[in-house]
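entry-v5.txt (compact mmCIF, C-alpha atoms)
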```txt
# COMPACT_ATOMS: atom_id res chain seq x y z
CA MET A 6 -10.84 41.32 -22.26
CA GLU A 7 -12.22 37.97 -23.40
CA LYS A 8 -8.99 37.20 -25.29
CA LYS A 9 -6.95 38.04 -22.18
CA THR A 10 -9.10 35.76 -20.02
CA ARG A 11 -8.79 32.93 -22.52
CA TYR A 12 -5.01 33.41 -22.68
CA LEU A 13 -4.84 33.23 -18.87
CA GLU A 14 -6.85 30.00 -18.85
CA LEU A 15 -4.56 28.40 -21.43
CA THR A 16 -1.52 29.52 -19.43
CA VAL A 17 -2.94 27.94 -16.28
CA LEU A 18 -3.65 24.66 -18.05
CA LYS A 19 -0.21 24.60 -19.67
CA GLU A 20 1.71 25.26 -16.46
CA ILE A 21 -0.31 22.70 -14.51
CA ALA A 22 0.07 20.10 -17.28
CA GLU A 23 3.84 20.56 -17.10
CA LEU A 24 3.79 20.02 -13.34
CA LEU A 25 1.61 16.91 -13.64
CA ASN A 26 3.97 15.35 -16.17
CA GLU A 27 7.08 15.86 -14.06
CA SER A 28 6.35 13.72 -10.99
CA THR A 29 5.10 10.30 -9.92
CA GLU A 30 4.93 11.16 -6.20
CA VAL A 31 1.22 11.73 -5.69
CA LEU A 32 1.18 13.85 -2.53
CA LYS A 33 4.03 16.09 -3.66
CA LEU A 34 2.45 16.48 -7.07
CA LEU A 35 -0.96 17.43 -5.67
CA SER A 36 0.56 19.98 -3.31
CA GLU A 37 2.53 21.66 -6.10
CA VAL A 38 -0.43 21.71 -8.50
CA LEU A 39 -2.73 23.18 -5.85
CA GLN A 40 -0.25 25.95 -5.08
CA LYS A 41 0.13 26.75 -8.79
CA LEU A 42 -3.65 26.79 -9.29
CA LEU A 43 -4.20 29.23 -6.42
CA HIS A 44 -1.38 31.46 -7.59
CA VAL A 45 -2.57 31.87 -11.18
CA THR A 46 -6.29 32.13 -10.38
CA GLY A 47 -5.98 34.49 -7.44
CA LEU A 48 -7.94 32.17 -5.17
CA GLU A 49 -6.58 32.08 -1.63
CA THR A 50 -7.14 28.61 -0.19
CA GLY A 51 -7.66 25.08 -1.37
CA TRP A 52 -7.52 21.43 -0.41
CA ILE A 53 -7.71 18.04 -2.09
CA PHE A 54 -9.34 14.91 -0.71
CA LEU A 55 -8.38 11.55 -2.20
CA ILE A 56 -11.28 9.11 -1.75
CA ASN A 57 -11.07 5.33 -2.15
CA GLU A 58 -13.70 2.91 -3.41
CA LYS A 59 -15.11 2.52 0.10
CA GLY A 60 -15.74 6.25 0.45
CA GLU A 61 -12.86 6.70 2.91
CA TYR A 62 -11.05 9.99 2.39
CA GLN A 63 -7.57 11.38 2.97
CA LEU A 64 -6.52 15.03 3.12
CA ALA A 65 -3.87 14.72 0.41
CA ALA A 66 -2.97 18.39 -0.12
CA HIS A 67 -3.88 21.78 1.34
CA LYS A 68 -2.77 25.39 1.02
CA PHE A 69 -3.48 28.38 3.26
CA LEU A 70 -6.28 26.85 5.32
CA PRO A 71 -7.60 29.23 8.01
CA PRO A 72 -6.68 28.59 11.67
CA ALA A 73 -10.13 27.16 12.43
CA LEU A 74 -9.44 24.29 10.01
CA SER A 75 -5.72 23.91 10.81
CA ILE A 76 -5.84 23.27 14.55
CA GLN A 77 -4.51 20.02 16.02
CA ASN A 78 -2.59 19.13 12.86
CA TYR A 79 -5.61 19.74 10.58
CA GLU A 80 -7.85 17.40 12.59
CA PRO A 81 -11.08 19.17 11.43
CA MET A 82 -10.14 18.27 7.85
CA CYS A 83 -9.21 14.66 8.57
CA SER A 84 -12.29 13.35 10.36
CA GLY A 85 -16.04 13.52 10.08
CA MET A 86 -18.12 13.99 6.96
CA CYS A 87 -19.08 17.03 4.91
CA TRP A 88 -21.53 17.83 2.15
CA CYS A 89 -19.05 17.65 -0.72
CA ILE A 90 -17.75 14.18 0.28
CA ASP A 91 -21.31 13.01 0.90
CA LYS A 92 -22.37 14.13 -2.60
CA TYR A 93 -19.28 12.49 -4.10
CA ASN A 94 -19.97 9.16 -2.37
CA ARG A 95 -23.61 9.24 -3.48
CA ASN A 96 -22.49 9.83 -7.09
CA LYS A 97 -24.22 13.22 -7.06
CA LEU A 98 -21.05 15.16 -7.85
CA ASP A 99 -20.18 14.75 -11.52
CA LYS A 100 -19.02 18.26 -12.44
CA ALA A 101 -17.64 21.45 -10.91
CA THR A 102 -20.20 23.05 -8.63
CA ASN A 103 -20.68 25.75 -6.02
CA ILE A 104 -21.08 24.48 -2.49
CA ILE A 105 -23.36 27.05 -0.87
CA GLU A 106 -21.76 26.70 2.55
CA CYS A 107 -19.03 24.55 4.05
CA LYS A 108 -20.12 22.18 6.82
CA ARG A 109 -16.61 22.03 8.30
CA ILE A 110 -16.46 25.82 8.54
CA GLU A 111 -19.96 25.94 10.05
CA GLU A 112 -18.92 23.47 12.75
CA ALA A 113 -15.71 25.41 13.42
CA LEU A 114 -17.73 28.59 13.93
CA GLU A 115 -20.30 26.88 16.15
CA GLU A 116 -17.59 25.37 18.33
CA ARG A 117 -15.47 28.56 18.27
CA ARG A 118 -12.34 26.70 17.20
CA GLY A 119 -10.66 29.76 15.74
CA ASP A 120 -10.65 32.33 12.96
CA THR A 121 -12.00 31.28 9.53
CA LEU A 122 -10.49 34.44 7.95
CA GLY A 123 -13.74 35.14 6.12
CA LEU A 124 -13.88 31.78 4.33
CA THR A 125 -17.48 30.56 4.19
CA HIS A 126 -18.00 28.97 0.75
CA HIS A 127 -15.97 26.95 -1.74
CA ALA A 128 -16.22 25.34 -5.14
CA THR A 129 -16.01 21.56 -5.36
CA VAL A 130 -14.74 19.66 -8.39
CA PRO A 131 -14.50 15.86 -8.79
CA LEU A 132 -11.14 14.44 -9.81
CA ARG A 133 -11.83 11.89 -12.50
CA ALA A 134 -10.52 10.32 -15.69
CA GLY A 135 -13.26 8.76 -17.76
CA GLU A 136 -15.35 6.61 -15.44
CA GLU A 137 -12.65 6.42 -12.75
CA LYS A 138 -12.95 8.72 -9.74
CA PHE A 139 -10.11 9.69 -7.39
CA GLY A 140 -11.40 12.41 -5.05
CA ILE A 141 -12.31 16.09 -5.01
CA LEU A 142 -10.65 19.48 -5.39
CA ASN A 143 -11.98 22.31 -3.20
CA VAL A 144 -10.99 25.97 -3.63
CA GLY A 145 -12.24 29.24 -2.17
CA SER A 146 -11.42 32.73 -1.01
CA PRO A 147 -12.54 34.88 1.94
CA HIS A 148 -16.00 36.36 1.39
CA LYS A 149 -16.32 34.71 -2.04
CA THR A 150 -19.76 33.10 -2.12
CA HIS A 151 -20.16 32.30 -5.79
CA PHE A 152 -18.13 31.02 -8.73
CA ILE A 153 -19.13 32.02 -12.25
CA GLU A 154 -19.42 29.45 -15.04
CA GLU A 155 -16.05 30.38 -16.57
CA GLU A 156 -14.31 29.81 -13.22
CA LEU A 157 -16.01 26.45 -12.77
CA ALA A 158 -15.11 25.42 -16.32
CA LEU A 159 -11.44 26.22 -15.68
CA LEU A 160 -11.48 24.31 -12.38
CA GLU A 161 -13.10 21.36 -14.12
CA SER A 162 -10.37 21.33 -16.78
CA VAL A 163 -7.67 21.38 -14.10
CA ALA A 164 -9.42 18.63 -12.14
CA PHE A 165 -9.58 16.49 -15.27
CA GLN A 166 -5.85 16.98 -15.78
CA ILE A 167 -5.21 15.93 -12.17
CA GLY A 168 -7.46 12.86 -12.54
CA THR A 169 -5.68 11.84 -15.74
CA ALA A 170 -2.30 12.20 -14.02
CA LEU A 171 -3.46 10.09 -11.06
CA LYS A 172 -4.66 7.39 -13.46
CA ARG A 173 -1.30 7.49 -15.26
CA ILE A 174 0.58 7.13 -11.97
CA ASN A 175 -1.63 4.20 -10.88
CA LEU A 176 -1.05 2.45 -14.20
CA SER A 177 2.69 3.08 -13.89
CA HIS A 178 2.75 1.52 -10.42
CA ARG A 179 0.84 -1.52 -11.69
CA GLU A 180 3.27 -1.90 -14.58
CA GLN A 181 6.18 -1.75 -12.16
CA GLU A 182 4.60 -4.43 -9.97
CA THR A 183 3.97 -6.62 -13.02
CA ALA A 184 7.54 -6.13 -14.21
CA LEU A 185 8.88 -6.96 -10.74
CA ALA A 186 6.80 -10.14 -10.59
CA GLY A 187 8.04 -11.08 -14.06
CA GLU A 188 11.65 -10.52 -13.03
CA ARG A 189 11.19 -12.65 -9.89
CA ASN A 190 9.72 -15.43 -12.02
CA ARG A 191 12.61 -15.20 -14.48
CA LEU A 192 15.19 -15.31 -11.68
CA ALA A 193 13.40 -18.26 -10.07
CA ARG A 194 13.48 -20.19 -13.37
CA ASP A 195 17.17 -19.40 -13.86
CA LEU A 196 18.05 -20.55 -10.35
CA HIS A 197 16.02 -23.72 -10.77
CA ASP A 198 17.50 -24.56 -14.16
CA SER A 199 21.12 -23.75 -13.35
CA VAL A 200 22.25 -23.45 -9.72
CA ASN A 201 19.65 -25.88 -8.39
CA GLN A 202 20.65 -28.54 -10.92
CA LEU A 203 24.35 -28.00 -10.23
CA LEU A 204 23.83 -28.50 -6.49
CA PHE A 205 21.82 -31.64 -7.16
CA SER A 206 24.62 -32.98 -9.38
CA LEU A 207 27.18 -32.14 -6.69
CA SER A 208 25.16 -34.09 -4.12
CA LEU A 209 24.99 -37.14 -6.42
CA THR A 210 28.70 -36.93 -7.15
CA ALA A 211 29.56 -36.77 -3.46
CA ARG A 212 27.34 -39.78 -2.75
CA ALA A 213 29.08 -41.72 -5.52
CA GLY A 214 32.44 -40.75 -4.05
CA VAL A 215 31.43 -42.17 -0.67
CA GLU A 216 30.53 -45.51 -2.25
CA MET A 217 33.59 -45.74 -4.49
CA THR A 218 36.46 -44.88 -2.11
CA PRO A 219 37.75 -47.28 0.54
CA ASP A 220 39.62 -44.52 2.39
CA ALA A 221 37.81 -43.49 5.59
CA ASP A 222 39.12 -39.91 5.52
CA VAL A 223 38.05 -39.44 1.91
CA LYS A 224 34.64 -40.94 2.75
CA HIS A 225 34.31 -38.39 5.54
CA THR A 226 35.17 -35.57 3.14
CA PHE A 227 32.64 -36.76 0.58
CA ASN A 228 29.98 -37.09 3.30
CA TYR A 229 30.71 -33.55 4.40
CA ILE A 230 30.43 -32.30 0.79
CA GLN A 231 27.14 -34.16 0.39
CA ASP A 232 25.73 -32.66 3.60
CA LEU A 233 26.76 -29.16 2.52
CA SER A 234 25.26 -29.61 -0.95
CA GLN A 235 21.99 -30.90 0.55
CA GLU A 236 21.84 -27.93 2.89
CA ALA A 237 22.56 -25.52 0.02
CA LEU A 238 19.94 -27.30 -2.09
CA SER A 239 17.33 -26.80 0.63
CA GLU A 240 18.25 -23.12 0.92
CA MET A 241 18.04 -22.74 -2.85
CA ARG A 242 14.61 -24.34 -3.00
CA ALA A 243 13.41 -22.03 -0.23
CA LEU A 244 14.78 -19.04 -2.15
CA ILE A 245 13.00 -20.16 -5.33
CA TRP A 246 9.79 -20.48 -3.31
CA GLN A 247 10.22 -16.94 -2.05
CA LEU A 248 10.70 -15.65 -5.58
CA ARG A 249 7.89 -17.62 -7.19
CA PRO A 250 5.47 -19.32 -4.80
CA GLU A 251 3.93 -22.39 -6.36
CA GLY A 252 0.25 -22.56 -5.50
CA LEU A 253 -0.33 -18.84 -4.84
CA GLU A 254 -2.52 -18.77 -7.93
CA ARG A 255 -4.80 -21.16 -5.99
CA GLY A 256 -4.86 -18.89 -2.94
CA ILE A 257 -2.77 -17.92 0.06
CA ILE A 258 -3.63 -21.04 2.11
CA SER A 259 -2.57 -23.40 -0.67
CA ALA A 260 0.70 -21.54 -1.11
CA LEU A 261 1.55 -21.50 2.60
CA LYS A 262 0.66 -25.19 2.97
CA GLY A 263 3.07 -25.99 0.14
CA TYR A 264 5.79 -23.85 1.67
CA ALA A 265 5.32 -25.46 5.09
CA GLN A 266 5.55 -28.91 3.51
CA MET A 267 8.75 -27.92 1.75
CA LEU A 268 10.17 -26.86 5.15
CA GLY A 269 9.09 -30.16 6.74
CA LEU A 270 6.33 -28.55 8.82
CA SER A 271 2.78 -29.75 9.39
CA LEU A 272 0.38 -26.82 8.95
CA ASP A 273 -3.04 -26.94 10.61
CA THR A 274 -5.31 -24.31 9.02
CA THR A 275 -8.56 -22.66 10.09
CA ILE A 276 -10.38 -20.30 7.73
CA THR A 277 -13.25 -17.99 8.63
CA GLY A 278 -15.05 -15.99 5.94
CA VAL A 279 -14.79 -16.09 2.17
CA SER A 280 -13.33 -13.36 0.01
CA ASN A 281 -11.10 -12.73 -2.97
CA LEU A 282 -8.21 -10.89 -1.37
CA PRO A 283 -6.69 -7.87 -3.14
CA SER A 284 -3.40 -8.84 -4.80
CA MET A 285 -1.33 -6.48 -2.62
CA ALA A 286 -2.83 -7.89 0.59
CA GLU A 287 -2.35 -11.47 -0.60
CA GLU A 288 1.26 -10.78 -1.55
CA ALA A 289 1.94 -9.22 1.88
CA LEU A 290 0.31 -12.15 3.72
CA TRP A 291 2.34 -14.58 1.64
CA ARG A 292 5.64 -12.87 2.47
CA ILE A 293 4.76 -12.48 6.15
CA GLY A 294 3.56 -16.08 6.34
CA GLN A 295 6.79 -17.26 4.73
CA GLU A 296 8.91 -15.50 7.30
CA ALA A 297 6.75 -16.72 10.18
CA LEU A 298 6.94 -20.35 9.01
CA ALA A 299 10.68 -20.10 8.45
CA ASN A 300 11.09 -18.79 12.00
CA CYS A 301 9.03 -21.72 13.31
CA LYS A 302 11.32 -24.12 11.48
CA LYS A 303 14.50 -22.46 12.74
CA HIS A 304 13.64 -21.61 16.34
CA SER A 305 10.52 -23.30 17.72
CA GLY A 306 11.78 -26.88 17.95
CA GLU A 307 8.30 -27.98 16.78
CA THR A 308 7.11 -29.39 13.47
CA SER A 309 3.43 -28.53 13.94
CA VAL A 310 2.25 -25.00 13.22
CA SER A 311 -1.22 -23.44 13.37
CA LEU A 312 -2.46 -20.91 10.82
CA VAL A 313 -5.73 -19.04 11.26
CA LEU A 314 -7.13 -16.81 8.50
CA LYS A 315 -10.12 -14.60 9.32
CA ILE A 316 -11.65 -12.63 6.46
CA LYS A 317 -14.23 -9.94 7.19
CA LYS A 318 -15.75 -7.25 5.02
CA ASN A 319 -13.11 -4.64 5.76
CA GLN A 320 -10.06 -6.57 6.93
CA VAL A 321 -8.17 -9.84 6.90
CA THR A 322 -6.35 -11.28 9.93
CA MET A 323 -3.73 -14.03 9.80
CA ILE A 324 -2.31 -15.73 12.89
CA VAL A 325 0.70 -18.08 12.68
CA SER A 326 1.49 -19.79 15.99
CA ASP A 327 3.45 -22.67 17.46
CA ASN A 328 3.86 -24.31 20.87
CA GLY A 329 7.65 -24.31 20.72
CA HIS A 330 10.49 -22.82 22.71
CA GLY A 331 9.33 -19.20 22.56
CA PHE A 332 11.44 -16.31 23.85
CA ASN A 333 11.30 -13.25 26.07
CA TYR A 334 9.61 -10.38 24.26
CA ASN A 335 8.33 -7.09 25.61
CA VAL A 336 5.96 -5.12 23.38
CA GLN A 337 7.57 -1.91 24.62
CA THR A 338 10.94 -2.88 23.15
CA GLU A 339 12.07 -2.97 19.55
CA ILE A 340 11.20 -6.08 17.53
CA PRO A 341 14.25 -8.33 17.97
CA SER A 342 15.14 -9.48 14.44
CA LEU A 343 15.42 -8.13 10.91
CA GLY A 344 12.94 -10.72 9.61
CA LEU A 345 10.29 -9.75 12.16
CA ARG A 346 10.85 -6.04 11.48
CA SER A 347 10.42 -6.73 7.77
CA MET A 348 7.10 -8.46 8.49
CA LYS A 349 5.95 -5.43 10.50
CA GLU A 350 6.97 -3.03 7.73
CA ARG A 351 5.06 -5.07 5.11
CA ALA A 352 1.90 -4.90 7.21
CA GLU A 353 2.24 -1.19 7.93
CA ALA A 354 2.87 -0.43 4.24
CA LEU A 355 -0.76 -1.47 3.67
CA ASN A 356 -2.02 0.40 6.76
CA GLY A 357 -2.05 -2.87 8.68
CA LYS A 358 -0.63 -3.96 12.02
CA LEU A 359 1.56 -6.80 13.21
CA LYS A 360 1.49 -8.13 16.77
CA LEU A 361 4.03 -10.52 18.27
CA ASN A 362 3.40 -12.64 21.38
CA SER A 363 6.01 -15.00 22.80
CA LYS A 364 7.16 -16.39 26.14
CA PRO A 365 9.82 -18.99 26.97
CA GLY A 366 8.24 -22.44 26.86
CA LYS A 367 4.88 -21.01 25.74
CA GLY A 368 5.46 -20.76 22.02
CA THR A 369 5.15 -17.81 19.64
CA ALA A 370 2.21 -16.23 17.80
CA VAL A 371 2.42 -13.68 15.00
CA THR A 372 -0.82 -11.83 14.23
CA VAL A 373 -1.13 -9.57 11.20
CA THR A 374 -4.21 -7.52 10.33
CA ILE A 375 -4.59 -5.73 6.99
CA PRO A 376 -7.55 -3.63 5.81
CA ILE A 377 -9.09 -4.80 2.52
```

Once more with this new file: its structure as structure tokens, please.
Amino acid sequence: MEKKTRYLELTVLKEIAELLNESTEVLKLLSEVLQKLLHVTGLETGWIFLINEKGEYQLAAHKFLPPALSIQNYEPMCSGMCWCIDKYNRNKLDKATNIIECKRIEEALEERRGDTLGLTHHATVPLRAGEEKFGILNVGSPHKTHFIEEELALLESVAFQIGTALKRINLSHREQETALAGERNRLARDLHDSVNQLLFSLSLTARAGVEMTPDADVKHTFNYIQDLSQEALSEMRALIWQLRPEGLERGIISALKGYAQMLGLSLDTTITGVSNLPSMAEEALWRIGQEALANCKKHSGETSVSLVLKIKKNQVTMIVSDNGHGFNYNVQTEIPSLGLRSMKERAEALNGKLKLNSKPGKGTAVTVTIPI
């Protein structure tokens, strides 16, 4: 019997390891692993919370939750606190353990939200890899009030596998971001050393042509070529800035001031709060700020722009505004340009928000808020 149990445990670990090595999509991976775990162990329900460094949790995967926990699109599982998350956040959950009763189920019963299908207790296991923590795995079955040591040991092994996979995926994403930044830098250098220099040479050649020819028509042609080359040179410099912002290593304000100067804009800045911004938030603010300043240059008719950066404990807010032409914009309608939609998507990708205010003759303000 003991050999059979051990064989089953090894089979579970093998099948789950294969699943964890096949995917880099976290939510899909967690859902598939949870379903496999329940199937091979005979447990009937389970859920996984991913928890960030601030203690904020997300219901990342769930299988066969009873109606009392599934109502209103799983709202009972997505809000409020419970004993297992509280223990996790207080660093009191370092191994697989029995949770005597489930607070969420207790509340569902008290409020008569629906049938719990006999589920009253669950086991809780931290998802970790070394010293890094990622969340918790909860599993249970109707009328099962206790998990024996062998069951907890198996769950702990599975949770460790999941934690290791999550760490691998995080490292992979960071490597991809580093590689992308390296490729942008390489492309920026190539453009600067080749195309940028060619355009500069073309501009000088056209200027020399203007001075050397007595023919008025030829002078006009050379002037036109010089104007085009200068315009292309400005566009190229802006593109190089977008690929590799000079000054971003000294902070977002320094980078945006440099970009505004390159565009011929005067940037008045106001900063409230002090914080080292996360790299993803800083990158998003840089890209959004770029687009906002470029729009000011193209459409506002003004050369003075205001930038306000407010940094609080949990969020950063950036406001880019001008007193230029403005335009008709209704918040109920779709954002009017591809650039503005791209800014909105960048903010929302980090769970942030972008707000646009503009009226003819009253200028335009772009406000972006990102949690940090």

*Have a look at A:Leu122, A:Leu359, A:Leu272, A:Leu196 and name the one nearest to Leu238 (chain A); count all atoms listed in the file.*
A:Leu196

Give me, as CSV, each residue of region 75-161 of chain A that comes within 8 Å of region 53-63 of chain A, together with its shortest interatomic pair and the distance in Å at one decimal, counting all atoms listed in the file, with rows ordered by chain and rising residue number.
```
residue,atom,partner,partner_atom,distance
A:Cys83,CA,A:Gln63,CA,6.7
A:Asn94,CA,A:Gly60,CA,5.9
A:Phe139,CA,A:Leu55,CA,5.8
A:Gly140,CA,A:Leu55,CA,4.2
A:Ile141,CA,A:Phe54,CA,5.4
A:Leu142,CA,A:Ile53,CA,4.6
A:Asn143,CA,A:Ile53,CA,6.1
```

*asked:* For His148 (chain A), find every residue with an atom within 9 Å (counting only C-alpha atoms), except residues of its own chain fewer than 4 positions away, and show them as JSON, numbers by chain.
replied: {"A": [122, 123, 124, 125, 126]}

*Distance in Å - CA of Ile324 (chain A) versus CA of Val373 (chain A)*: 6.5 Å

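For the pair CA of Thr308 (chain A) and CA of Ser326 (chain A), the separation is 11.4 Å.
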
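When CA of Lys138 (chain A) is paired with CA of Glu287 (chain A), their separation reads 24.6 Å.
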
Excluding Ile375 (chain A) and its own-chain neighbours fewer than 5 positions away, which residues fall within 10 Å of it when counting all atoms listed in the file? Please give them as a PDB file with C-alpha atoms, in the coordinates of the input.
```pdb
ATOM      1  CA  ALA A 286      -2.830  -7.890   0.590  1.00  0.00           C
ATOM      2  CA  GLU A 287      -2.350 -11.470  -0.600  1.00  0.00           C
ATOM      3  CA  ALA A 289       1.940  -9.220   1.880  1.00  0.00           C
ATOM      4  CA  LEU A 290       0.310 -12.150   3.720  1.00  0.00           C
ATOM      5  CA  ILE A 316     -11.650 -12.630   6.460  1.00  0.00           C
ATOM      6  CA  ASN A 319     -13.110  -4.640   5.760  1.00  0.00           C
ATOM      7  CA  GLN A 320     -10.060  -6.570   6.930  1.00  0.00           C
ATOM      8  CA  VAL A 321      -8.170  -9.840   6.900  1.00  0.00           C
ATOM      9  CA  THR A 322      -6.350 -11.280   9.930  1.00  0.00           C
ATOM     10  CA  MET A 323      -3.730 -14.030   9.800  1.00  0.00           C
ATOM     11  CA  ARG A 351       5.060  -5.070   5.110  1.00  0.00           C
ATOM     12  CA  ALA A 352       1.900  -4.900   7.210  1.00  0.00           C
ATOM     13  CA  GLU A 353       2.240  -1.190   7.930  1.00  0.00           C
ATOM     14  CA  ALA A 354       2.870  -0.430   4.240  1.00  0.00           C
ATOM     15  CA  LEU A 355      -0.760  -1.470   3.670  1.00  0.00           C
ATOM     16  CA  ASN A 356      -2.020   0.400   6.760  1.00  0.00           C
ATOM     17  CA  GLY A 357      -2.050  -2.870   8.680  1.00  0.00           C
ATOM     18  CA  LYS A 358      -0.630  -3.960  12.020  1.00  0.00           C
ATOM     19  CA  LEU A 359       1.560  -6.800  13.210  1.00  0.00           C
TER      20      LEU A 359
END
```
